[in-house]
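Engineer: Structure provided below as structure tokens; questions to follow.
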Amino acid sequence: MSAFALGQSFARMLRVRRGEQGLSPWLKTAARSGVAELRRFASSLWRDYRAVEAAMTLPWSNGQVEGQVNRLKPIKRSMYGRANFDLLRLRVLHNG
């Protein structure tokens with residue numbers, strides 16, 4: 001199977017959240033592929049198989065939390081060493 005086809009099938013598994021049906025066969029195919037990058041990727045996914053399968057099947061996501069952290073980091077960096085927590089709090093609430 002080509003690298004493109006393997007990538008497309010992996011993306012399809014992510015979109016339809018059917019990791020329990022196809023993740024293990026996909027990892028075995030990728031591990032046997034002639035593409036070193038795919039072999040390394042499959043190897044790293046095997047190490048934490050249960051977490052990867054859960055991410056591909058369960059409806060929960062930490063996307064909202066990551067978005068808030070991503071929003072707060074530039075504010076925090078711009079305030080570093082300049083003011084106290086009260087001003088940082090006001091800027092975070094004002095930018096939210």
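Residues in the structure tokens are named by chain (A, B, ... in the order shown) and by number from 1 within that chain; ligands are numbered from 1 in the order shown.
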I need the residues in chain A that are helix (DSSP H, G or I) according to DSSP; give them as a VMD selection string.

Structural biologist: chain A and resid 3 to 16 19 to 32 36 to 47 49 to 57 63 to 79 85 to 95

Engineer: Create the file for the chosen residues now, containing C-alpha atoms and written as a short mmCIF file (atom, residue, chain, number, x, y, z; two decimals), in the first residue's frame.

Structural biologist:
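To be explicit, this is the file written out as result09.cif:
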```cif
data_model
loop_
_atom_site.label_atom_id
_atom_site.label_comp_id
_atom_site.auth_asym_id
_atom_site.auth_seq_id
_atom_site.Cartn_x
_atom_site.Cartn_y
_atom_site.Cartn_z
CA ALA A 3 2.16 6.16 1.66
CA PHE A 4 -0.64 8.30 0.23
CA ALA A 5 -3.20 5.50 0.58
CA LEU A 6 -2.07 4.78 4.15
CA GLY A 7 -2.33 8.46 5.03
CA GLN A 8 -5.79 8.72 3.52
CA SER A 9 -7.05 5.65 5.35
CA PHE A 10 -5.66 6.96 8.65
CA ALA A 11 -7.36 10.32 8.11
CA ARG A 12 -10.62 8.53 7.30
CA MET A 13 -10.40 6.57 10.56
CA LEU A 14 -9.95 9.84 12.46
CA ARG A 15 -12.88 11.55 10.73
CA VAL A 16 -15.38 8.75 11.24
CA GLY A 19 -10.40 3.37 15.54
CA GLU A 20 -11.59 0.18 17.19
CA GLN A 21 -12.30 -1.40 13.80
CA GLY A 22 -9.26 -0.46 11.80
CA LEU A 23 -6.44 0.91 13.92
CA SER A 24 -4.65 -2.37 14.60
CA PRO A 25 -4.68 -3.55 10.96
CA TRP A 26 -3.62 -0.08 9.82
CA LEU A 27 -0.68 -0.09 12.25
CA LYS A 28 0.41 -3.54 11.06
CA THR A 29 0.25 -2.43 7.41
CA ALA A 30 2.16 0.79 8.16
CA ALA A 31 4.81 -1.14 10.12
CA ARG A 32 5.37 -3.39 7.07
CA ALA A 36 10.56 4.68 7.18
CA GLU A 37 8.51 7.61 8.45
CA LEU A 38 5.32 5.55 8.49
CA ARG A 39 7.09 2.71 10.25
CA ARG A 40 8.30 5.11 12.96
CA PHE A 41 4.84 6.67 13.23
CA ALA A 42 3.20 3.25 13.60
CA SER A 43 5.80 2.25 16.18
CA SER A 44 5.11 5.34 18.27
CA LEU A 45 1.35 4.75 18.08
CA TRP A 46 1.77 1.12 19.20
CA ARG A 47 3.53 2.32 22.37
CA TYR A 49 -2.21 2.04 21.68
CA ARG A 50 -5.00 2.32 24.24
CA ALA A 51 -4.81 6.13 24.37
CA VAL A 52 -4.72 6.39 20.56
CA GLU A 53 -7.69 4.08 20.21
CA ALA A 54 -9.61 6.04 22.85
CA ALA A 55 -8.88 9.30 21.04
CA MET A 56 -10.16 7.80 17.80
CA THR A 57 -13.36 6.38 19.26
CA GLY A 63 -9.86 21.14 22.13
CA GLN A 64 -11.68 23.83 24.10
CA VAL A 65 -9.09 23.74 26.88
CA GLU A 66 -6.21 23.87 24.39
CA GLY A 67 -7.84 26.83 22.67
CA GLN A 68 -8.05 28.77 25.93
CA VAL A 69 -4.43 27.96 26.79
CA ASN A 70 -3.38 29.09 23.31
CA ARG A 71 -5.29 32.35 23.81
CA LEU A 72 -3.75 33.01 27.23
CA LYS A 73 -0.09 32.33 26.41
CA PRO A 74 0.58 35.49 24.35
CA ILE A 75 -1.11 37.64 27.00
CA LYS A 76 0.95 36.05 29.72
CA ARG A 77 4.18 36.43 27.73
CA SER A 78 3.51 40.10 27.05
CA MET A 79 2.97 40.71 30.77
CA PHE A 85 -1.51 39.24 38.89
CA ASP A 86 -4.36 41.78 39.17
CA LEU A 87 -3.42 43.49 35.91
CA LEU A 88 -2.92 40.12 34.19
CA ARG A 89 -6.38 39.07 35.39
CA LEU A 90 -7.94 42.24 33.97
CA ARG A 91 -6.24 41.76 30.59
CA VAL A 92 -7.36 38.12 30.40
CA LEU A 93 -10.95 39.03 31.23
CA HIS A 94 -10.93 41.98 28.83
CA ASN A 95 -9.52 39.92 25.91
#
```
